[in-house]
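This report concerns only the one structure given below.
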Amino acid sequence: MKRRGVWIAVAAVLVVLVAGGIFAFLQAKQFESLARAGRADASAGLKSLQAKDNATALASFTKAQDEFGRARDLLGPEWLHGFPWLGRQLAAADDLATIGREGSAAGAQAAELLNGAASVTGDDRLSQLLRLARPHLDSALASLVVVAQRSDGLTTDGLLPQLADAVTQLRSVIDPLQPVLDRSQSLLDLERYLFSRQHQFLVVAQNSSELRPTGGFMGTFGLLQFGPDGFVLDKFADVYTLPKDTLNEPLPAGGQVNYKHFYFRNTNWWMDFPTSATMMLKFWQNLRQPQVDGVVAVDIPLLEDLLTVYGPITVPQSSTPITAKNAMEVLNTVVQYELSGQSDRKGRKLAIVSLVDELFQRVGNLPADKVQPTLDALAKAANEKHVQIFLSDPTAQAAMVGTGWSGAIAPPQGTTDLVAVSNGVIKPSKANFGVSKSLAYTVDLKSDGSADTTLELGYRKSSQRQPGLPQQWLADYVRVHRLPGTRLASGGSTFESLDDATGLPTFGHYFRLDLGASTTVMLKASVPDAAPADAATADTRHYRLLLVKQADLSDTQATVTVRLPDGWKAANSAASFRTTGTTVPVSAAGDTVTVTTPLKQDLILDLTLAPA
């Protein structure tokens, strides 16, 4: 009897196991079927969105969201995840279903927003769209944060073939979106700060033809209202209408050599925008101006991009219509020549004020056919530092730095070398017009991980004269910011060491560039720990360079050459633009790695060295 009871018990267990296996198989097939359907509907939603069929896109994304959710519900109780092999499969399936559901949810929010935006009318269409967009942006960004969290570290290791294939397919979709996903938490935090209440920001417009470290001379300024009530430019005026500066702040090292006093209009003297913006706000408060929550800097390339969308514009101060192609030349001519005889200096910038007022009015009305071109222009400008933003709130500012739109130098984790070149016109003139710049940076890595570096900066000025400009030659003070520990090499350099407000090792040099002339300046420096040994694998070394872009009229043509030490090879090399993640081609030949590109954004070069 006892033996019979044992066999009955064994038979019962086998029946349960077989039944459980059949149920698990059926569940797996059902999960796969729902996941495939969800992927197909999400793809259909994306195609409909691209075709501007927002209603169909919303229906497809909503269906996909439901299918991925149902697939996730099939994964069984939480205690099953405790079994090592089974738990690995279930965790991967959970990640895949959750990523699909949240990605579809973000797509549905985008489709719903675009669907609603089509019905918005009126003269203040932009403000209405912002109010409409807020809940959709918040929900979509929150979903992208989940996608970023779940996709981080998702691999095919130890997975069944079907799951491994699904992960591989997902990675092919997600990898191009990684720069957005990496910034999703910062974007969400920033969105919640900006819409938490109505904010007021100081806007400074920089004339890039009179180049300064953050982009240009701050000749005009305004006050911008932004928040849940919308977007309004309250005031825009000539910087010379501000009260006289009384703040007795010392002149920055090596900078405004033709001034005896430090003025508000010269406070953008540091390429690191948070450093300059902090000084701007210090002066702004001393002038007893309205309280602001931060600073937004814009420059001529942004103006030109917006005029491409909204121009031409004719202002009362000039008979010539202002377009993207002639904006800088017309405005410089009007301000410097046609209005230079006015006894009231404060009237000289009225053409710029009139242009900006009209442009903001057109942007505020935002016709339906201008929405995408406007967003494209603003995104391009922010990514390329033609818009730079500083927020006084520390938490919000940290989020802004995370978006890549703060203008902060802020080397990312693991950076072992830094080159940030800042040019500044130090004798008032629009002489940066017609100047092209090049940068050649050579790194000679040593076997101990140190490096000898040579930076060659080339400048060439067109022979074309500009009407009415009082000074045609360029007086440039160039500064180069480096990582702590970097030292000037003995000999071969005309630069001098400076104490700089950024706190970084900084080297400066002044030169003059005449019409039709060219010149080259050179900086040689040593970097003690340019390629440190990797912590995990002592037989490899890692070199990571951050090459920082300055906002300018045209992009600097940059070439980086890294020479490897004897006995080492490049095991891996990659370069990309920092904000968008766009890949930049790298060439490797023998012991040399080279990158050549217009410096449209900050550039990151990653190089892994291994024994040859």
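How things are named: the first chain in the structure tokens is A, the next is B, and so on; residues count from 1 in each chain; ligands count from 1 in the order shown.
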
Can you list, as a tab-separated table (two decimals) with N, CA, C and O atoms, in the first residue's frame, every protein, DNA or RNA residue that comes within 8 Å of range 553-563 of chain A when you count only C-alpha atoms, leaving out same-chain residues fewer than 6 positions away?
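After the write, out.tsv holds the following:
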```
chain	number	residue	atom	x	y	z
A	208	SER	N	27.10	87.90	-33.40
A	208	SER	CA	28.24	87.00	-33.62
A	208	SER	C	29.34	87.63	-34.45
A	208	SER	O	30.47	87.15	-34.46
A	209	SER	N	29.05	88.72	-35.19
A	209	SER	CA	30.10	89.37	-35.96
A	209	SER	C	31.08	90.11	-35.06
A	209	SER	O	32.20	90.41	-35.45
A	300	ILE	N	23.13	85.25	-33.96
A	300	ILE	CA	22.76	85.50	-35.35
A	300	ILE	C	22.41	84.22	-36.12
A	300	ILE	O	21.45	84.22	-36.90
A	301	PRO	N	23.15	83.10	-35.98
A	301	PRO	CA	22.73	81.90	-36.71
A	301	PRO	C	21.30	81.46	-36.41
A	301	PRO	O	20.60	80.99	-37.32
A	433	PHE	N	33.26	89.11	-38.97
A	433	PHE	CA	32.65	88.85	-40.28
A	433	PHE	C	33.74	88.48	-41.28
A	433	PHE	O	34.74	89.17	-41.42
A	436	SER	N	37.37	82.75	-41.12
A	436	SER	CA	37.23	81.30	-41.03
A	436	SER	C	38.29	80.76	-40.07
A	436	SER	O	39.39	81.31	-39.99
A	437	LYS	N	37.94	79.71	-39.36
A	437	LYS	CA	38.82	79.17	-38.31
A	437	LYS	C	39.02	77.67	-38.52
A	437	LYS	O	38.11	76.97	-38.96
A	438	SER	N	40.21	77.21	-38.17
A	438	SER	CA	40.51	75.78	-38.23
A	438	SER	C	41.22	75.38	-36.94
A	438	SER	O	41.84	76.21	-36.26
A	439	LEU	N	41.14	74.10	-36.63
A	439	LEU	CA	41.73	73.56	-35.40
A	439	LEU	C	42.37	72.23	-35.74
A	439	LEU	O	41.71	71.35	-36.31
A	440	ALA	N	43.64	72.09	-35.42
A	440	ALA	CA	44.34	70.81	-35.60
A	440	ALA	C	44.94	70.42	-34.25
A	440	ALA	O	45.81	71.13	-33.72
A	441	TYR	N	44.48	69.31	-33.70
A	441	TYR	CA	44.93	68.87	-32.37
A	441	TYR	C	45.62	67.52	-32.51
A	441	TYR	O	45.02	66.54	-32.97
A	442	THR	N	46.89	67.48	-32.13
A	442	THR	CA	47.67	66.25	-32.23
A	442	THR	C	48.04	65.76	-30.83
A	442	THR	O	48.54	66.53	-30.01
A	443	VAL	N	47.78	64.49	-30.58
A	443	VAL	CA	48.02	63.87	-29.28
A	443	VAL	C	49.03	62.74	-29.45
A	443	VAL	O	48.76	61.76	-30.17
A	444	ASP	N	50.18	62.86	-28.82
A	444	ASP	CA	51.19	61.80	-28.83
A	444	ASP	C	51.12	61.07	-27.49
A	444	ASP	O	51.63	61.55	-26.47
A	445	LEU	N	50.45	59.91	-27.49
A	445	LEU	CA	50.30	59.13	-26.27
A	445	LEU	C	51.60	58.39	-25.93
A	445	LEU	O	52.29	57.90	-26.83
A	591	ASP	N	49.53	53.19	-36.42
A	591	ASP	CA	49.50	53.67	-35.04
A	591	ASP	C	48.83	55.04	-34.92
A	591	ASP	O	49.00	55.74	-33.93
A	592	THR	N	48.00	55.42	-35.91
A	592	THR	CA	47.40	56.74	-35.91
A	592	THR	C	45.88	56.66	-36.08
A	592	THR	O	45.38	55.93	-36.95
A	593	VAL	N	45.17	57.41	-35.26
A	593	VAL	CA	43.71	57.52	-35.35
A	593	VAL	C	43.37	58.98	-35.64
A	593	VAL	O	43.90	59.88	-34.99
A	594	THR	N	42.48	59.22	-36.61
A	594	THR	CA	42.20	60.58	-37.05
A	594	THR	C	40.70	60.82	-37.17
A	594	THR	O	39.96	59.94	-37.65
A	595	VAL	N	40.26	62.01	-36.75
A	595	VAL	CA	38.89	62.47	-36.94
A	595	VAL	C	38.94	63.85	-37.57
A	595	VAL	O	39.67	64.73	-37.08
A	596	THR	N	38.17	64.06	-38.63
A	596	THR	CA	38.09	65.37	-39.29
A	596	THR	C	36.62	65.72	-39.49
A	596	THR	O	35.88	64.93	-40.09
A	597	THR	N	36.21	66.89	-39.00
A	597	THR	CA	34.81	67.27	-39.11
A	597	THR	C	34.62	68.75	-38.83
A	597	THR	O	35.39	69.33	-38.05
A	598	PRO	N	33.61	69.38	-39.43
A	598	PRO	CA	33.20	70.69	-38.94
A	598	PRO	C	32.67	70.54	-37.51
A	598	PRO	O	31.90	69.61	-37.24
A	599	LEU	N	33.07	71.41	-36.63
A	599	LEU	CA	32.70	71.27	-35.22
A	599	LEU	C	31.31	71.86	-34.98
A	599	LEU	O	31.14	72.95	-34.45
A	600	LYS	N	30.28	71.09	-35.37
A	600	LYS	CA	28.89	71.56	-35.25
A	600	LYS	C	28.38	71.48	-33.82
A	600	LYS	O	27.50	72.25	-33.42
```

So which bits of range 167-401 of chain A end up alpha helix (DSSP H) when you DSSP the backbone, as an NGL selection string? :A and (167-174 or 178-182 or 184-194 or 273-286 or 300-310 or 327-333 or 350-365 or 371-383 or 394-401)

As an exercise, work out the distance from CA of Ala35 in chain A to CA of Val180 in chain A in Å and give it to one decimal place.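 Rounded to one decimal, the two atoms are 24.0 Å apart.
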
List the spatial neighbours of Tyr477 in chain A as a PyMOL selection string - criterion: any atom at most 7 Å away, only C-alpha atoms, same-chain residues fewer than 3 positions off excluded. chain A and resi 255+423-426+508-511

Kindly save the residues from that selection, with N, CA and C atoms included, as a PDB file, in the first residue's frame.
```pdb
ATOM      1  N   GLY A 255      41.329  89.932 -20.627  1.00  0.00           N
ATOM      2  CA  GLY A 255      40.169  90.138 -21.464  1.00  0.00           C
ATOM      3  C   GLY A 255      39.987  91.494 -22.069  1.00  0.00           C
ATOM      4  N   ASN A 423      37.307  82.252 -28.545  1.00  0.00           N
ATOM      5  CA  ASN A 423      37.785  83.477 -29.188  1.00  0.00           C
ATOM      6  C   ASN A 423      36.924  84.652 -28.759  1.00  0.00           C
ATOM      7  N   GLY A 424      37.551  85.821 -28.577  1.00  0.00           N
ATOM      8  CA  GLY A 424      36.806  87.007 -28.183  1.00  0.00           C
ATOM      9  C   GLY A 424      37.367  88.267 -28.809  1.00  0.00           C
ATOM     10  N   VAL A 425      36.501  89.045 -29.485  1.00  0.00           N
ATOM     11  CA  VAL A 425      36.901  90.338 -30.035  1.00  0.00           C
ATOM     12  C   VAL A 425      37.032  91.325 -28.888  1.00  0.00           C
ATOM     13  N   ILE A 426      38.198  91.941 -28.727  1.00  0.00           N
ATOM     14  CA  ILE A 426      38.434  92.785 -27.559  1.00  0.00           C
ATOM     15  C   ILE A 426      38.558  94.264 -27.888  1.00  0.00           C
ATOM     16  N   GLY A 508      46.008  81.827 -22.475  1.00  0.00           N
ATOM     17  CA  GLY A 508      45.522  82.882 -23.345  1.00  0.00           C
ATOM     18  C   GLY A 508      46.594  83.472 -24.238  1.00  0.00           C
ATOM     19  N   HIS A 509      46.120  84.058 -25.362  1.00  0.00           N
ATOM     20  CA  HIS A 509      47.037  84.680 -26.317  1.00  0.00           C
ATOM     21  C   HIS A 509      46.272  85.722 -27.125  1.00  0.00           C
ATOM     22  N   TYR A 510      46.880  86.901 -27.328  1.00  0.00           N
ATOM     23  CA  TYR A 510      46.285  87.954 -28.136  1.00  0.00           C
ATOM     24  C   TYR A 510      46.971  88.029 -29.489  1.00  0.00           C
ATOM     25  N   PHE A 511      46.169  88.283 -30.559  1.00  0.00           N
ATOM     26  CA  PHE A 511      46.768  88.520 -31.875  1.00  0.00           C
ATOM     27  C   PHE A 511      45.854  89.435 -32.689  1.00  0.00           C
TER      28      PHE A 511
END
```

Residue nearest Leu181 in chain A - candidates A:Leu90, A:Gly581, A:Gln200, A:Leu605, atoms counted: only C-alpha atoms: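 Selected residue with least distance to Leu181 in chain A: A:Gly581.
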
Can you pull out every residue within 8 Å of range 350-354 of chain A, counting only C-alpha atoms, but drop anything in the same chain fewer than 4 positions away, and send it as an mmCIF file with N, CA and C atoms, in the first residue's frame?
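Contents of result.cif, freshly written:
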```
data_model
loop_
_atom_site.group_PDB
_atom_site.id
_atom_site.type_symbol
_atom_site.label_atom_id
_atom_site.label_comp_id
_atom_site.auth_asym_id
_atom_site.auth_seq_id
_atom_site.Cartn_x
_atom_site.Cartn_y
_atom_site.Cartn_z
ATOM 1 N N THR A 220 21.536 93.770 -27.431
ATOM 2 C CA THR A 220 20.123 93.941 -27.101
ATOM 3 C C THR A 220 19.705 92.868 -26.102
ATOM 4 N N PHE A 236 11.908 94.210 -25.366
ATOM 5 C CA PHE A 236 13.164 93.991 -26.086
ATOM 6 C C PHE A 236 13.767 95.359 -26.339
ATOM 7 N N ALA A 237 15.044 95.546 -25.959
ATOM 8 C CA ALA A 237 15.608 96.898 -25.991
ATOM 9 C C ALA A 237 17.107 96.864 -26.199
ATOM 10 N N ASP A 238 17.659 98.028 -26.531
ATOM 11 C CA ASP A 238 19.091 98.267 -26.667
ATOM 12 C C ASP A 238 19.749 98.145 -25.296
ATOM 13 N N VAL A 315 11.700 96.362 -41.817
ATOM 14 C CA VAL A 315 11.564 97.171 -40.610
ATOM 15 C C VAL A 315 11.572 98.648 -40.998
ATOM 16 N N PRO A 316 10.985 99.524 -40.176
ATOM 17 C CA PRO A 316 10.913 100.950 -40.517
ATOM 18 C C PRO A 316 12.280 101.599 -40.702
ATOM 19 N N GLN A 317 13.310 101.065 -40.050
ATOM 20 C CA GLN A 317 14.626 101.698 -40.079
ATOM 21 C C GLN A 317 15.429 101.371 -41.333
ATOM 22 N N SER A 318 14.925 100.490 -42.193
ATOM 23 C CA SER A 318 15.671 100.123 -43.386
ATOM 24 C C SER A 318 14.709 99.811 -44.525
ATOM 25 N N LEU A 331 21.821 94.613 -40.916
ATOM 26 C CA LEU A 331 21.743 95.155 -39.560
ATOM 27 C C LEU A 331 23.026 95.879 -39.177
ATOM 28 N N VAL A 334 23.003 99.244 -41.025
ATOM 29 C CA VAL A 334 22.042 100.197 -40.457
ATOM 30 C C VAL A 334 22.548 100.743 -39.134
ATOM 31 N N VAL A 335 23.018 99.854 -38.262
ATOM 32 C CA VAL A 335 23.442 100.272 -36.917
ATOM 33 C C VAL A 335 24.738 101.077 -36.982
ATOM 34 N N GLU A 358 8.871 91.874 -34.604
ATOM 35 C CA GLU A 358 8.071 91.305 -35.691
ATOM 36 C C GLU A 358 8.279 89.797 -35.795
#
```

Which is closest to Thr502 in chain A among A:Ala451, A:Val435, A:Ala420, A:Leu113, if we use only C-alpha atoms?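 Checking each candidate against Thr502 in chain A, we get A:Ala420 as the closest.
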
Would you mind listing what lies within 10 Å of Ile322 in chain A as a list in words, with only C-alpha atoms counted and same-chain residues fewer than 5 positions away left out?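 Returned residues: Glu304, Leu307, Gly311, Pro312, Ile313, Thr314, Val315, Ala327, Met328, Glu329, Val330, Leu331 and Leu355 of chain A.
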
Expected file: the selected residues, all heavy atoms, as a CSV table (one decimal), in the first residue's frame:
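Result went into again24.csv, see below:
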```
chain,number,residue,atom,x,y,z
A,304,GLU,N,19.1,83.8,-38.4
A,304,GLU,CA,19.1,83.4,-39.8
A,304,GLU,C,18.2,82.2,-40.1
A,304,GLU,O,17.5,82.2,-41.1
A,304,GLU,CB,20.5,83.2,-40.2
A,304,GLU,CG,21.4,84.4,-40.2
A,304,GLU,CD,22.9,84.1,-40.5
A,304,GLU,OE1,23.3,83.0,-40.3
A,304,GLU,OE2,23.6,85.1,-40.9
A,307,LEU,N,14.6,83.3,-39.8
A,307,LEU,CA,14.2,84.1,-41.0
A,307,LEU,C,14.0,83.3,-42.2
A,307,LEU,O,13.3,83.6,-43.2
A,307,LEU,CB,15.3,85.2,-41.3
A,307,LEU,CG,15.3,86.4,-40.4
A,307,LEU,CD1,16.5,87.3,-40.6
A,307,LEU,CD2,14.0,87.2,-40.7
A,311,GLY,N,10.9,84.8,-42.9
A,311,GLY,CA,11.3,86.0,-43.6
A,311,GLY,C,10.7,86.0,-45.0
A,311,GLY,O,10.0,85.1,-45.4
A,312,PRO,N,11.0,87.1,-45.8
A,312,PRO,CA,11.7,88.3,-45.3
A,312,PRO,C,10.8,89.2,-44.5
A,312,PRO,O,9.6,89.2,-44.5
A,312,PRO,CB,12.0,89.0,-46.7
A,312,PRO,CG,10.9,88.5,-47.6
A,312,PRO,CD,10.6,87.1,-47.2
A,313,ILE,N,11.5,90.1,-43.7
A,313,ILE,CA,10.9,91.1,-42.9
A,313,ILE,C,11.4,92.5,-43.2
A,313,ILE,O,12.7,92.6,-43.2
A,313,ILE,CB,11.1,90.7,-41.4
A,313,ILE,CG1,10.4,89.4,-41.0
A,313,ILE,CG2,10.6,91.9,-40.5
A,313,ILE,CD1,10.6,88.9,-39.6
A,314,THR,N,10.6,93.4,-43.3
A,314,THR,CA,11.0,94.8,-43.6
A,314,THR,C,10.7,95.6,-42.3
A,314,THR,O,9.6,95.5,-41.7
A,314,THR,CB,10.2,95.4,-44.7
A,314,THR,OG1,10.5,94.7,-45.9
A,314,THR,CG2,10.7,96.9,-45.0
A,315,VAL,N,11.7,96.4,-41.8
A,315,VAL,CA,11.6,97.2,-40.6
A,315,VAL,C,11.6,98.6,-41.0
A,315,VAL,O,12.1,99.0,-42.0
A,315,VAL,CB,12.7,96.9,-39.6
A,315,VAL,CG1,12.6,95.4,-39.2
A,315,VAL,CG2,14.1,97.2,-40.2
A,327,ALA,N,20.8,89.3,-43.3
A,327,ALA,CA,20.5,89.8,-42.0
A,327,ALA,C,21.7,90.5,-41.3
A,327,ALA,O,21.6,91.7,-40.9
A,327,ALA,CB,19.9,88.8,-41.1
A,328,MET,N,22.8,89.8,-41.3
A,328,MET,CA,23.9,90.4,-40.5
A,328,MET,C,24.5,91.6,-41.2
A,328,MET,O,24.7,92.6,-40.6
A,328,MET,CB,25.0,89.3,-40.4
A,328,MET,CG,26.2,89.8,-39.5
A,328,MET,SD,27.4,88.5,-39.2
A,328,MET,CE,28.0,88.3,-40.9
A,329,GLU,N,24.6,91.5,-42.5
A,329,GLU,CA,25.1,92.7,-43.3
A,329,GLU,C,24.2,93.9,-43.2
A,329,GLU,O,24.7,95.0,-43.0
A,329,GLU,CB,25.4,92.3,-44.7
A,329,GLU,CG,26.1,93.3,-45.5
A,329,GLU,CD,26.4,92.8,-46.9
A,329,GLU,OE1,26.2,91.7,-47.2
A,329,GLU,OE2,26.9,93.7,-47.7
A,330,VAL,N,22.9,93.7,-43.4
A,330,VAL,CA,21.9,94.8,-43.3
A,330,VAL,C,21.9,95.4,-42.0
A,330,VAL,O,22.0,96.7,-41.8
A,330,VAL,CB,20.5,94.3,-43.8
A,330,VAL,CG1,19.5,95.5,-43.5
A,330,VAL,CG2,20.5,94.0,-45.2
A,331,LEU,N,21.8,94.6,-40.9
A,331,LEU,CA,21.7,95.2,-39.6
A,331,LEU,C,23.0,95.9,-39.2
A,331,LEU,O,23.0,97.0,-38.6
A,331,LEU,CB,21.4,94.0,-38.6
A,331,LEU,CG,20.0,93.4,-38.7
A,331,LEU,CD1,19.9,92.2,-37.7
A,331,LEU,CD2,19.0,94.5,-38.4
A,355,LEU,N,13.0,94.3,-35.8
A,355,LEU,CA,13.1,93.0,-36.4
A,355,LEU,C,12.7,91.9,-35.4
A,355,LEU,O,11.9,91.0,-35.8
A,355,LEU,CB,14.5,92.7,-36.9
A,355,LEU,CG,14.8,91.3,-37.5
A,355,LEU,CD1,13.9,91.1,-38.7
A,355,LEU,CD2,16.2,91.2,-37.8
```

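Residue nearest Ser576 in chain A within the list A:Pro179, A:Pro274, A:Gly364, A:Gly407: A:Pro179 [criterion: smallest interatomic distance, only C-alpha atoms].
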
Considering only C-alpha atoms, state which residue in the set A:Ala297, A:Leu137, A:Ala42, A:Ala111 is at the smallest distance from Ala64 in chain A. A:Ala42

With a distance cut-off of 6 Å and only C-alpha atoms, select the neighbouring residues of Ser127 in chain A, excluding the residue or stretch itself and same-chain residues fewer than 2 positions from it, and output the selection as a compact mmCIF listing (two decimals) with C-alpha atoms, in the first residue's frame.
```txt
# COMPACT_ATOMS: atom_id res chain seq x y z
CA ASP A 124 -1.44 83.46 -29.95
CA ARG A 125 -1.32 79.96 -31.38
CA LEU A 129 -0.15 74.91 -28.21
CA LEU A 130 2.09 75.04 -25.16
CA GLY A 230 2.11 80.57 -22.43
CA PHE A 231 5.02 82.30 -24.10
```
